[in-house]
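Peer 1: What follows is a single structure, and I will ask about it in a moment.
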Amino acid sequence: MADETALVRFDDVGMRYDGGAEVLHGVSFSLAPGSYHFLTGPSGAGKSTLLRLLYLAQRPTAGQISLFGRDVRDLGRADRARMRQRMGVVFQDFRLLPHLSVFDNVALPLRILKAPEAEIRRDVGELLAWVGLGEHEAASPATLSGGQQQRLAIARAVVVRPRLLLADEPTGNLDAEMGLKLMHLFEELNKLGTTIVIATHDTTLLARFRHPRLVLTEGRLKTMPPAPPSRGPVVQRTAPVAPRAEETRGEGRS
Ligand code: ADP
């Protein structure tokens, strides 16, 4: 039965690039408003292609996609642009605008929505400070490190509190602490109602932030429950760090 309440719905979607082999086959799933999913699978499985279909950069070659309750085939150019304004996207290659300052990159989505300049000043300033770029507002993105550019790309994607946030390996260039901080930002955004899809290989994040998974294998998609929490010998083998206080409590260390 059709799920009219889904924010995103794929029915038997297939995708091939210009005459090549099909890279997504019979993909069906739906995302409820306010849900949070990780998109995982080996390199080449089709994760970026699936994200491209979601942000309307590509059309499927088979099946049907509906977004925000509308069949995307029915959308004209203006409708597609409006729909994209309700999405925040963190691209793997950031896609920052090199001729705009750090501040103006983040302000742009708000300016497109004609937000008052005082509000823009406040929201962009707060967000840049929070992601640790407060000192770099006037800088050109090209002068930032890879990790700083990634934080900028995330700030730009979340500044309008999008209805749908799509992110492709958004913590891939960040150290562990900053990665966690930004994952908490996504959690907060999700609590405010944003539907989230994050493509990641990072098993630590998958085990720590326990959201259901969309798992792609050679272009086929399965929906799976959250990854099990990471505990026990695997963690100890790969991360030889002292256990945290709460894990040793009551064990009578001497
Ligand atoms: P992932 O993000 O999981 O690594 P991709 O969606 O990037 O996977 O790629 C899935 C398949 O589609 C791969 O075989 C890749 O070579 C192919 N592919 C991706 N982008 C293009 C493109 N623009 N043109 C042709 N083939 C592509």
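How things are named: the first chain in the structure tokens is A, the next is B, and so on; residues count from 1 in each chain; ligands count from 1 in the order shown.
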As a quick test: using only C-alpha atoms and all ligand atoms, which residues lie no more than 12 Å away from ligand 1? Give them as a PyMOL selection string.

Peer 2: chain A and resi 14-25+39-53+57-58+91-92+167-169+198-201+214-221

Peer 1: Those selected residues, please, written with C-alpha atoms and delivered as a PDB file, in the first residue's frame.

Peer 2:
```pdb
ATOM      1  CA  GLY A  14      17.055   1.491 -11.092  1.00  0.00           C
ATOM      2  CA  MET A  15      19.868   3.704 -12.277  1.00  0.00           C
ATOM      3  CA  ARG A  16      22.440   3.450 -15.045  1.00  0.00           C
ATOM      4  CA  TYR A  17      24.836   6.127 -16.241  1.00  0.00           C
ATOM      5  CA  ASP A  18      24.765   6.866 -20.011  1.00  0.00           C
ATOM      6  CA  GLY A  19      24.550   3.471 -21.546  1.00  0.00           C
ATOM      7  CA  GLY A  20      26.676   1.797 -18.850  1.00  0.00           C
ATOM      8  CA  ALA A  21      25.686  -1.106 -16.638  1.00  0.00           C
ATOM      9  CA  GLU A  22      22.931  -0.597 -14.083  1.00  0.00           C
ATOM     10  CA  VAL A  23      24.453   0.566 -10.763  1.00  0.00           C
ATOM     11  CA  LEU A  24      21.256   0.500  -8.668  1.00  0.00           C
ATOM     12  CA  HIS A  25      18.748  -2.315  -9.067  1.00  0.00           C
ATOM     13  CA  LEU A  39      23.697   4.659   4.364  1.00  0.00           C
ATOM     14  CA  THR A  40      26.481   2.104   4.246  1.00  0.00           C
ATOM     15  CA  GLY A  41      28.086  -0.399   1.912  1.00  0.00           C
ATOM     16  CA  PRO A  42      31.432  -0.966   0.254  1.00  0.00           C
ATOM     17  CA  SER A  43      32.996   1.533  -2.082  1.00  0.00           C
ATOM     18  CA  GLY A  44      31.327   1.382  -5.502  1.00  0.00           C
ATOM     19  CA  ALA A  45      28.071  -0.059  -4.090  1.00  0.00           C
ATOM     20  CA  GLY A  46      26.089   2.993  -5.227  1.00  0.00           C
ATOM     21  CA  LYS A  47      25.849   5.218  -2.127  1.00  0.00           C
ATOM     22  CA  SER A  48      26.773   8.461  -3.896  1.00  0.00           C
ATOM     23  CA  THR A  49      24.443   7.574  -6.759  1.00  0.00           C
ATOM     24  CA  LEU A  50      21.577   7.069  -4.316  1.00  0.00           C
ATOM     25  CA  LEU A  51      22.322  10.424  -2.682  1.00  0.00           C
ATOM     26  CA  ARG A  52      22.413  12.096  -6.121  1.00  0.00           C
ATOM     27  CA  LEU A  53      18.943  10.738  -6.849  1.00  0.00           C
ATOM     28  CA  ALA A  57      21.042  15.799  -9.374  1.00  0.00           C
ATOM     29  CA  GLN A  58      20.185  12.683 -11.347  1.00  0.00           C
ATOM     30  CA  PHE A  91      29.108  16.765  -0.505  1.00  0.00           C
ATOM     31  CA  GLN A  92      32.164  14.575  -0.218  1.00  0.00           C
ATOM     32  CA  ALA A 167      25.653  13.936   3.919  1.00  0.00           C
ATOM     33  CA  ASP A 168      28.331  11.917   2.144  1.00  0.00           C
ATOM     34  CA  GLU A 169      31.067  10.852   4.612  1.00  0.00           C
ATOM     35  CA  ILE A 198      24.342   9.993   6.324  1.00  0.00           C
ATOM     36  CA  ALA A 199      26.546   7.883   4.081  1.00  0.00           C
ATOM     37  CA  THR A 200      29.481   6.573   6.064  1.00  0.00           C
ATOM     38  CA  HIS A 201      32.002   3.747   6.281  1.00  0.00           C
ATOM     39  CA  LEU A 214      20.283   1.396   4.556  1.00  0.00           C
ATOM     40  CA  VAL A 215      22.847  -1.124   3.364  1.00  0.00           C
ATOM     41  CA  LEU A 216      23.838  -1.167  -0.313  1.00  0.00           C
ATOM     42  CA  THR A 217      25.600  -4.147  -1.794  1.00  0.00           C
ATOM     43  CA  GLU A 218      26.342  -4.069  -5.518  1.00  0.00           C
ATOM     44  CA  GLY A 219      23.456  -1.718  -6.133  1.00  0.00           C
ATOM     45  CA  ARG A 220      20.873  -3.611  -4.067  1.00  0.00           C
ATOM     46  CA  LEU A 221      19.477  -2.089  -0.911  1.00  0.00           C
TER      47      LEU A 221
END
```

Peer 1: Please report, as an NGL selection string, each residue of range 136-235 of chain A to which DSSP assigns alpha helix (DSSP H) when run on this structure's backbone.

Peer 2: :A and (146-158 or 176-191 or 203-208 or 233-235)

Peer 1: Pick the closest to Thr194 in chain A from A:Ala176, A:Leu164, A:Leu31, A:Val124: which is it, counting only C-alpha atoms?

Peer 2: A:Leu164

Peer 1: Which residues come within 12 Å of His136 in chain A, counting only C-alpha atoms, excluding same-chain residues fewer than 4 positions away, as a VMD selection string?

Peer 2: chain A and resid 101 to 105 125 128 to 129 131 to 132 140 to 145 148 to 149 151 to 152

Peer 1: Which of these, A:Leu166, A:Ile120, A:Leu180, A:Val159, has the shortest distance to Leu56 in chain A once you count only C-alpha atoms?

Peer 2: A:Leu166

Peer 1: Counting only C-alpha atoms, which of A:Ala155, A:Ala138, A:Arg59, A:His37 gets nearest to Val90 in chain A?

Peer 2: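 That would be A:Ala155, the residue with the smallest distance to Val90 in chain A.
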
Peer 1: Quick one, how far is CA of Leu192 in chain A from CA of Phe209 in chain A?

Peer 2: 16.8 Å

Peer 1: Taking the DSSP secondary structure from the backbone, can you list the residues of range 43-224 of chain A that are strand (DSSP E or B), as a PyMOL selection string?

Peer 2: chain A and resi 62-67+70-71+87-90+164-168+195-199+213-217+220-224

Peer 1: Any chance you could export the current selection's N, CA and C atoms as an mmCIF file, in the first residue's frame?

Peer 2:
```cif
data_model
loop_
_atom_site.group_PDB
_atom_site.id
_atom_site.type_symbol
_atom_site.label_atom_id
_atom_site.label_comp_id
_atom_site.auth_asym_id
_atom_site.auth_seq_id
_atom_site.Cartn_x
_atom_site.Cartn_y
_atom_site.Cartn_z
ATOM 1 N N ALA A 62 14.837 3.795 -13.990
ATOM 2 C CA ALA A 62 13.675 2.906 -13.808
ATOM 3 C C ALA A 62 13.053 3.206 -12.449
ATOM 4 N N GLY A 63 11.763 2.882 -12.330
ATOM 5 C CA GLY A 63 11.090 3.029 -11.044
ATOM 6 C C GLY A 63 10.652 4.452 -10.767
ATOM 7 N N GLN A 64 10.192 4.646 -9.535
ATOM 8 C CA GLN A 64 9.578 5.923 -9.181
ATOM 9 C C GLN A 64 10.139 6.440 -7.858
ATOM 10 N N ILE A 65 10.388 7.758 -7.823
ATOM 11 C CA ILE A 65 10.857 8.395 -6.587
ATOM 12 C C ILE A 65 9.863 9.480 -6.217
ATOM 13 N N SER A 66 9.428 9.490 -4.965
ATOM 14 C CA SER A 66 8.704 10.686 -4.529
ATOM 15 C C SER A 66 9.397 11.307 -3.332
ATOM 16 N N LEU A 67 9.402 12.631 -3.355
ATOM 17 C CA LEU A 67 10.044 13.429 -2.307
ATOM 18 C C LEU A 67 9.013 14.422 -1.795
ATOM 19 N N ARG A 70 5.715 14.207 -3.420
ATOM 20 C CA ARG A 70 5.459 14.430 -4.849
ATOM 21 C C ARG A 70 6.352 13.565 -5.710
ATOM 22 N N ASP A 71 5.750 13.028 -6.767
ATOM 23 C CA ASP A 71 6.504 12.232 -7.733
ATOM 24 C C ASP A 71 7.497 13.169 -8.430
ATOM 25 N N MET A 87 16.443 21.094 1.354
ATOM 26 C CA MET A 87 17.441 20.068 1.684
ATOM 27 C C MET A 87 18.771 20.723 2.029
ATOM 28 N N GLY A 88 19.506 20.092 2.939
ATOM 29 C CA GLY A 88 20.894 20.471 3.172
ATOM 30 C C GLY A 88 21.751 19.312 2.697
ATOM 31 N N VAL A 89 22.785 19.610 1.929
ATOM 32 C CA VAL A 89 23.625 18.529 1.398
ATOM 33 C C VAL A 89 25.083 18.792 1.752
ATOM 34 N N VAL A 90 25.735 17.785 2.333
ATOM 35 C CA VAL A 90 27.182 17.862 2.569
ATOM 36 C C VAL A 90 27.833 16.943 1.539
ATOM 37 N N LEU A 164 15.337 17.924 5.070
ATOM 38 C CA LEU A 164 16.066 16.690 4.762
ATOM 39 C C LEU A 164 17.545 17.023 4.679
ATOM 40 N N LEU A 165 18.353 16.328 5.458
ATOM 41 C CA LEU A 165 19.809 16.533 5.418
ATOM 42 C C LEU A 165 20.459 15.282 4.842
ATOM 43 N N LEU A 166 21.281 15.469 3.799
ATOM 44 C CA LEU A 166 21.984 14.362 3.154
ATOM 45 C C LEU A 166 23.470 14.635 3.278
ATOM 46 N N ALA A 167 24.225 13.674 3.748
ATOM 47 C CA ALA A 167 25.653 13.936 3.919
ATOM 48 C C ALA A 167 26.450 12.718 3.492
ATOM 49 N N ASP A 168 27.492 12.990 2.686
ATOM 50 C CA ASP A 168 28.331 11.917 2.144
ATOM 51 C C ASP A 168 29.653 11.917 2.913
ATOM 52 N N THR A 195 14.908 15.216 8.836
ATOM 53 C CA THR A 195 15.114 13.834 8.418
ATOM 54 C C THR A 195 16.547 13.724 7.895
ATOM 55 N N ILE A 196 17.257 12.682 8.319
ATOM 56 C CA ILE A 196 18.693 12.638 8.020
ATOM 57 C C ILE A 196 19.089 11.328 7.344
ATOM 58 N N VAL A 197 19.947 11.444 6.334
ATOM 59 C CA VAL A 197 20.605 10.277 5.738
ATOM 60 C C VAL A 197 22.095 10.586 5.653
ATOM 61 N N ILE A 198 22.896 9.781 6.328
ATOM 62 C CA ILE A 198 24.342 9.993 6.324
ATOM 63 C C ILE A 198 25.041 8.762 5.751
ATOM 64 N N ALA A 199 25.749 8.973 4.646
ATOM 65 C CA ALA A 199 26.546 7.883 4.081
ATOM 66 C C ALA A 199 27.874 7.839 4.822
ATOM 67 N N ARG A 213 20.050 1.257 9.391
ATOM 68 C CA ARG A 213 20.980 1.365 8.259
ATOM 69 C C ARG A 213 20.298 1.010 6.946
ATOM 70 N N LEU A 214 20.623 1.769 5.926
ATOM 71 C CA LEU A 214 20.283 1.396 4.556
ATOM 72 C C LEU A 214 21.587 0.816 4.008
ATOM 73 N N VAL A 215 21.593 -0.473 3.749
ATOM 74 C CA VAL A 215 22.847 -1.124 3.364
ATOM 75 C C VAL A 215 22.810 -1.457 1.881
ATOM 76 N N LEU A 216 23.761 -0.905 1.123
ATOM 77 C CA LEU A 216 23.838 -1.167 -0.313
ATOM 78 C C LEU A 216 24.937 -2.174 -0.585
ATOM 79 N N THR A 217 24.597 -3.184 -1.356
ATOM 80 C CA THR A 217 25.600 -4.147 -1.794
ATOM 81 C C THR A 217 25.397 -4.339 -3.283
ATOM 82 N N ARG A 220 22.140 -3.165 -4.659
ATOM 83 C CA ARG A 220 20.873 -3.611 -4.067
ATOM 84 C C ARG A 220 20.806 -3.139 -2.631
ATOM 85 N N LEU A 221 19.601 -2.713 -2.225
ATOM 86 C CA LEU A 221 19.477 -2.089 -0.911
ATOM 87 C C LEU A 221 18.666 -2.943 0.061
ATOM 88 N N LYS A 222 19.198 -3.038 1.280
ATOM 89 C CA LYS A 222 18.460 -3.701 2.362
ATOM 90 C C LYS A 222 18.368 -2.732 3.521
ATOM 91 N N THR A 223 17.230 -2.711 4.189
ATOM 92 C CA THR A 223 17.110 -1.889 5.393
ATOM 93 C C THR A 223 17.436 -2.780 6.585
ATOM 94 N N MET A 224 18.338 -2.316 7.443
ATOM 95 C CA MET A 224 18.765 -3.132 8.582
ATOM 96 C C MET A 224 18.645 -2.328 9.871
#
```

Peer 1: With distances taken over only C-alpha atoms, which of A:Glu187, A:Glu117, A:Asp93, A:Glu126 is nearest to Asn173 in chain A?

Peer 2: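 Of the candidates, the smallest distance to Asn173 in chain A is held by A:Asp93.
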
Peer 1: Give me the residues within 12 Å of Gly69 in chain A as a PDB file with C-alpha atoms, in the first residue's frame, counting only C-alpha atoms and dropping any in the same chain fewer than 5 places off.

Peer 2:
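Final output, part-v6.pdb:
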```
ATOM      1  CA  ALA A   2       1.267   3.501  -0.787  1.00  0.00           C
ATOM      2  CA  ASP A   3       2.731   5.255   2.228  1.00  0.00           C
ATOM      3  CA  GLU A   4       1.423   8.784   1.800  1.00  0.00           C
ATOM      4  CA  THR A   5       3.186  10.060   4.898  1.00  0.00           C
ATOM      5  CA  ALA A   6       6.746   9.214   3.781  1.00  0.00           C
ATOM      6  CA  LEU A   7       9.115  12.114   3.185  1.00  0.00           C
ATOM      7  CA  VAL A   8      11.098  10.021   0.723  1.00  0.00           C
ATOM      8  CA  ARG A   9       9.878   7.019  -1.160  1.00  0.00           C
ATOM      9  CA  PHE A  10      11.718   4.870  -3.732  1.00  0.00           C
ATOM     10  CA  SER A  30      10.795   4.918   2.421  1.00  0.00           C
ATOM     11  CA  LEU A  31      11.874   7.444   5.021  1.00  0.00           C
ATOM     12  CA  ALA A  32       9.415   8.729   7.583  1.00  0.00           C
ATOM     13  CA  PRO A  33       9.583  12.425   8.460  1.00  0.00           C
ATOM     14  CA  ASP A  74       6.108  15.772 -12.219  1.00  0.00           C
ATOM     15  CA  LEU A  75       8.466  18.517 -11.106  1.00  0.00           C
ATOM     16  CA  MET A  83      12.604  21.308  -3.267  1.00  0.00           C
TER      17      MET A  83
END
```
